[in-house]
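entry-v7.cif (mmCIF, N, CA and C atoms)
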data_run
#
loop_
_atom_site.group_PDB
_atom_site.id
_atom_site.type_symbol
_atom_site.label_atom_id
_atom_site.label_comp_id
_atom_site.auth_asym_id
_atom_site.auth_seq_id
_atom_site.Cartn_x
_atom_site.Cartn_y
_atom_site.Cartn_z
ATOM 1 N N MET A 249 11.714 -20.099 2.069
ATOM 2 C CA MET A 249 10.903 -19.289 1.193
ATOM 3 C C MET A 249 10.875 -17.819 1.648
ATOM 4 N N LEU A 250 10.751 -17.594 2.944
ATOM 5 C CA LEU A 250 10.677 -16.228 3.443
ATOM 6 C C LEU A 250 12.011 -15.498 3.380
ATOM 7 N N GLU A 251 13.114 -16.229 3.336
ATOM 8 C CA GLU A 251 14.413 -15.568 3.299
ATOM 9 C C GLU A 251 14.636 -14.818 1.985
ATOM 10 N N ARG A 252 13.910 -15.179 0.947
ATOM 11 C CA ARG A 252 14.066 -14.511 -0.350
ATOM 12 C C ARG A 252 13.180 -13.268 -0.472
ATOM 13 N N ILE A 253 12.263 -13.068 0.444
ATOM 14 C CA ILE A 253 11.333 -11.936 0.338
ATOM 15 C C ILE A 253 12.020 -10.614 0.667
ATOM 16 N N PHE A 254 12.840 -10.589 1.710
ATOM 17 C CA PHE A 254 13.405 -9.343 2.206
ATOM 18 C C PHE A 254 14.835 -9.117 1.749
ATOM 19 N N GLN A 255 15.091 -9.273 0.494
ATOM 20 C CA GLN A 255 16.397 -8.959 -0.055
ATOM 21 C C GLN A 255 16.503 -7.435 -0.203
ATOM 22 N N PRO A 256 17.724 -6.894 -0.213
ATOM 23 C CA PRO A 256 17.887 -5.434 -0.285
ATOM 24 C C PRO A 256 17.202 -4.785 -1.496
ATOM 25 N N THR A 257 17.233 -5.448 -2.632
ATOM 26 C CA THR A 257 16.589 -4.848 -3.806
ATOM 27 C C THR A 257 15.072 -4.795 -3.630
ATOM 28 N N HIS A 258 14.499 -5.806 -2.990
ATOM 29 C CA HIS A 258 13.060 -5.800 -2.748
ATOM 30 C C HIS A 258 12.682 -4.691 -1.764
ATOM 31 N N LEU A 259 13.491 -4.530 -0.720
ATOM 32 C CA LEU A 259 13.214 -3.481 0.256
ATOM 33 C C LEU A 259 13.317 -2.091 -0.372
ATOM 34 N N LEU A 260 14.285 -1.898 -1.264
ATOM 35 C CA LEU A 260 14.408 -0.611 -1.959
ATOM 36 C C LEU A 260 13.202 -0.350 -2.855
ATOM 37 N N MET A 261 12.724 -1.384 -3.521
ATOM 38 C CA MET A 261 11.538 -1.221 -4.374
ATOM 39 C C MET A 261 10.307 -0.886 -3.538
ATOM 40 N N ILE A 262 10.150 -1.542 -2.400
ATOM 41 C CA ILE A 262 9.016 -1.253 -1.514
ATOM 42 C C ILE A 262 9.101 0.181 -1.010
ATOM 43 N N PHE A 263 10.296 0.622 -0.610
ATOM 44 C CA PHE A 263 10.478 1.997 -0.149
ATOM 45 C C PHE A 263 10.160 2.993 -1.257
ATOM 46 N N PHE A 264 10.599 2.716 -2.471
ATOM 47 C CA PHE A 264 10.351 3.619 -3.592
ATOM 48 C C PHE A 264 8.852 3.707 -3.901
ATOM 49 N N ILE A 265 8.166 2.595 -3.878
ATOM 50 C CA ILE A 265 6.718 2.610 -4.137
ATOM 51 C C ILE A 265 5.989 3.350 -3.022
ATOM 52 N N ALA A 266 6.407 3.143 -1.765
ATOM 53 C CA ALA A 266 5.801 3.868 -0.646
ATOM 54 C C ALA A 266 6.053 5.361 -0.782
ATOM 55 N N LEU A 267 7.225 5.743 -1.248
ATOM 56 C CA LEU A 267 7.542 7.151 -1.461
ATOM 57 C C LEU A 267 6.643 7.747 -2.535
ATOM 58 N N LEU A 268 6.389 7.005 -3.600
ATOM 59 C CA LEU A 268 5.500 7.483 -4.649
ATOM 60 C C LEU A 268 4.051 7.594 -4.171
ATOM 61 N N VAL A 269 3.609 6.628 -3.376
ATOM 62 C CA VAL A 269 2.214 6.603 -2.939
ATOM 63 C C VAL A 269 1.950 7.666 -1.877
ATOM 64 N N PHE A 270 2.805 7.761 -0.862
ATOM 65 C CA PHE A 270 2.542 8.647 0.269
ATOM 66 C C PHE A 270 3.202 10.013 0.134
ATOM 67 N N GLY A 271 4.243 10.132 -0.655
ATOM 68 C CA GLY A 271 4.924 11.404 -0.826
ATOM 69 C C GLY A 271 5.998 11.612 0.233
ATOM 70 N N PRO A 272 6.929 12.520 -0.054
ATOM 71 C CA PRO A 272 8.060 12.717 0.868
ATOM 72 C C PRO A 272 7.663 13.370 2.197
ATOM 73 N N LYS A 273 6.551 14.101 2.228
ATOM 74 C CA LYS A 273 6.156 14.764 3.478
ATOM 75 C C LYS A 273 5.448 13.799 4.427
ATOM 76 N N LYS A 274 4.675 12.872 3.897
ATOM 77 C CA LYS A 274 3.896 11.958 4.735
ATOM 78 C C LYS A 274 4.695 10.731 5.183
ATOM 79 N N LEU A 275 5.736 10.365 4.466
ATOM 80 C CA LEU A 275 6.473 9.146 4.772
ATOM 81 C C LEU A 275 7.108 9.168 6.169
ATOM 82 N N PRO A 276 7.774 10.243 6.615
ATOM 83 C CA PRO A 276 8.303 10.248 7.990
ATOM 84 C C PRO A 276 7.204 10.151 9.052
ATOM 85 N N GLU A 277 6.068 10.805 8.813
ATOM 86 C CA GLU A 277 4.954 10.729 9.753
ATOM 87 C C GLU A 277 4.410 9.297 9.823
ATOM 88 N N LEU A 278 4.322 8.660 8.688
ATOM 89 C CA LEU A 278 3.842 7.282 8.629
ATOM 90 C C LEU A 278 4.798 6.343 9.366
ATOM 91 N N GLY A 279 6.080 6.518 9.161
ATOM 92 C CA GLY A 279 7.079 5.703 9.861
ATOM 93 C C GLY A 279 7.037 5.918 11.363
ATOM 94 N N LYS A 280 6.850 7.167 11.784
ATOM 95 C CA LYS A 280 6.762 7.468 13.213
ATOM 96 C C LYS A 280 5.522 6.819 13.817
ATOM 97 N N GLY A 281 4.414 6.870 13.108
ATOM 98 C CA GLY A 281 3.180 6.253 13.609
ATOM 99 C C GLY A 281 3.304 4.741 13.726
ATOM 100 N N ILE A 282 3.929 4.119 12.745
ATOM 101 C CA ILE A 282 4.131 2.667 12.792
ATOM 102 C C ILE A 282 5.078 2.306 13.933
ATOM 103 N N GLY A 283 6.135 3.093 14.106
ATOM 104 C CA GLY A 283 7.083 2.844 15.202
ATOM 105 C C GLY A 283 6.432 2.987 16.563
ATOM 106 N N ASP A 284 5.596 4.013 16.739
ATOM 107 C CA ASP A 284 4.885 4.200 18.005
ATOM 108 C C ASP A 284 3.926 3.045 18.271
ATOM 109 N N GLY A 285 3.263 2.576 17.229
ATOM 110 C CA GLY A 285 2.341 1.455 17.387
ATOM 111 C C GLY A 285 3.051 0.176 17.784
ATOM 112 N N ILE A 286 4.189 -0.098 17.156
ATOM 113 C CA ILE A 286 4.962 -1.297 17.496
ATOM 114 C C ILE A 286 5.490 -1.194 18.921
ATOM 115 N N ARG A 287 5.956 -0.003 19.305
ATOM 116 C CA ARG A 287 6.466 0.202 20.656
ATOM 117 C C ARG A 287 5.363 -0.014 21.692
ATOM 118 N N ALA A 288 4.158 0.506 21.432
ATOM 119 C CA ALA A 288 3.034 0.325 22.352
ATOM 120 C C ALA A 288 2.624 -1.145 22.434
ATOM 121 N N LEU A 289 2.654 -1.842 21.316
ATOM 122 C CA LEU A 289 2.316 -3.264 21.306
ATOM 123 C C LEU A 289 3.317 -4.063 22.142
ATOM 124 N N LYS A 290 4.603 -3.793 21.981
ATOM 125 C CA LYS A 290 5.616 -4.494 22.759
ATOM 126 C C LYS A 290 5.451 -4.214 24.247
ATOM 127 N N GLN A 291 5.179 -2.962 24.595
ATOM 128 C CA GLN A 291 4.997 -2.609 25.998
ATOM 129 C C GLN A 291 3.749 -3.284 26.569
ATOM 130 N N GLY A 292 2.680 -3.367 25.796
ATOM 131 C CA GLY A 292 1.460 -4.028 26.244
ATOM 132 C C GLY A 292 1.638 -5.515 26.439
ATOM 133 N N VAL A 293 2.454 -6.132 25.604
ATOM 134 C CA VAL A 293 2.711 -7.568 25.746
ATOM 135 C C VAL A 293 3.610 -7.819 26.953
ATOM 136 N N ARG A 294 4.584 -6.946 27.153
ATOM 137 C CA ARG A 294 5.554 -7.128 28.230
ATOM 138 C C ARG A 294 4.931 -6.830 29.600
ATOM 139 N N ASP A 295 4.202 -5.715 29.726
ATOM 140 C CA ASP A 295 3.622 -5.288 30.993
ATOM 141 C C ASP A 295 2.106 -5.227 30.872
ATOM 142 N N PRO A 296 1.384 -6.214 31.445
ATOM 143 C CA PRO A 296 -0.084 -6.159 31.368
ATOM 144 C C PRO A 296 -0.603 -4.973 32.176
ATOM 145 N N PRO A 297 -1.729 -4.409 31.801
ATOM 146 C CA PRO A 297 -2.279 -3.262 32.519
ATOM 147 C C PRO A 297 -2.572 -3.597 33.976
ATOM 148 N N ALA A 298 -2.523 -2.591 34.848
ATOM 149 C CA ALA A 298 -2.771 -2.787 36.277
ATOM 150 C C ALA A 298 -4.222 -3.200 36.520
ATOM 151 N N ASP A 299 -5.160 -2.730 35.715
ATOM 152 C CA ASP A 299 -6.565 -3.080 35.879
ATOM 153 C C ASP A 299 -6.780 -4.579 35.716
ATOM 154 N N GLU A 300 -6.055 -5.180 34.817
ATOM 155 C CA GLU A 300 -6.198 -6.613 34.559
ATOM 156 C C GLU A 300 -5.743 -7.415 35.775
ATOM 157 N N ALA A 301 -4.685 -6.970 36.451
ATOM 158 C CA ALA A 301 -4.191 -7.670 37.634
ATOM 159 C C ALA A 301 -5.207 -7.574 38.767
ATOM 160 N N LYS A 302 -5.867 -6.426 38.899
ATOM 161 C CA LYS A 302 -6.879 -6.255 39.937
ATOM 162 C C LYS A 302 -8.079 -7.154 39.676
ATOM 163 N N CYS A 303 -8.503 -7.254 38.450
ATOM 164 C CA CYS A 303 -9.677 -8.054 38.099
ATOM 165 C C CYS A 303 -9.438 -9.538 38.329
ATOM 166 N N SER A 304 -8.228 -10.008 38.168
ATOM 167 C CA SER A 304 -7.968 -11.426 38.322
ATOM 168 C C SER A 304 -8.025 -11.853 39.784
ATOM 169 N N ASN A 305 -7.868 -10.924 40.724
ATOM 170 C CA ASN A 305 -7.882 -11.252 42.140
ATOM 171 C C ASN A 305 -9.240 -11.008 42.789
ATOM 172 N N VAL A 306 -10.240 -10.616 42.058
ATOM 173 C CA VAL A 306 -11.542 -10.283 42.614
ATOM 174 C C VAL A 306 -12.202 -11.494 43.248
ATOM 175 N N ASN A 307 -12.127 -12.666 42.640
ATOM 176 C CA ASN A 307 -12.817 -13.854 43.131
ATOM 177 C C ASN A 307 -11.954 -14.729 44.032
ATOM 178 N N ASP A 308 -10.804 -14.271 44.455
ATOM 179 C CA ASP A 308 -9.967 -15.069 45.345
ATOM 180 C C ASP A 308 -10.670 -15.251 46.693
ATOM 181 N N GLY A 309 -10.741 -16.457 47.155
ATOM 182 C CA GLY A 309 -11.337 -16.739 48.445
ATOM 183 C C GLY A 309 -12.827 -16.937 48.406
ATOM 184 N N LEU A 310 -13.464 -16.703 47.313
ATOM 185 C CA LEU A 310 -14.901 -16.884 47.197
ATOM 186 C C LEU A 310 -15.198 -18.233 46.542
ATOM 187 N N SER A 311 -16.187 -18.897 47.041
ATOM 188 C CA SER A 311 -16.569 -20.152 46.390
ATOM 189 C C SER A 311 -18.063 -20.114 46.093
ATOM 190 N N ASP A 312 -18.423 -20.725 45.006
ATOM 191 C CA ASP A 312 -19.829 -20.766 44.592
ATOM 192 C C ASP A 312 -20.574 -21.885 45.304
ATOM 193 N N GLY A 313 -19.873 -22.810 45.899
ATOM 194 C CA GLY A 313 -20.491 -23.933 46.554
ATOM 195 C C GLY A 313 -20.925 -25.013 45.587
ATOM 196 N N LEU A 314 -20.437 -24.934 44.367
ATOM 197 C CA LEU A 314 -20.803 -25.941 43.367
ATOM 198 C C LEU A 314 -19.815 -27.055 43.357
#
Would you mind writing the file out in structure tokens?
Amino acid sequence: MLERIFQPTHLLMIFFIALLVFGPKKLPELGKGIGDGIRALKQGVRDPPADEAKCSNVNDGLSDGL
């Protein structure tokens, strides 16, 4: 079912509608913003922040006695 969604004619229609809605000046800025967001998401998934690694080791060696 999903293989029929992204045919070239559908992608051209989506691009044309986006061009009409956002205009030729805003479309490159919008694409750049989406690309930066996807790049940041991939980097965040691949490399967890250093703060998170520090927090996970805080309770090492401590026991509650429960």
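Atom CA of A:Gln255 is found 23.4 Å from atom CA of A:Gly271.
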Hey, can you check how far atom C of A:Phe264 sits from atom C of A:Gly281?
-> 18.5 Å
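The two atoms in question, atom CA of A:Gly279 and atom CA of A:Leu267, are spaced 11.4 Å apart.
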Exercise on stretch 279-289 of chain A, axis-aligned box with 5 Å per side, report centre and edge lengths in Å to one decimal, as JSON:
{"center_x": 4.7, "center_y": 1.7, "center_z": 15.8, "size_x": 14.8, "size_y": 21.5, "size_z": 23.3}
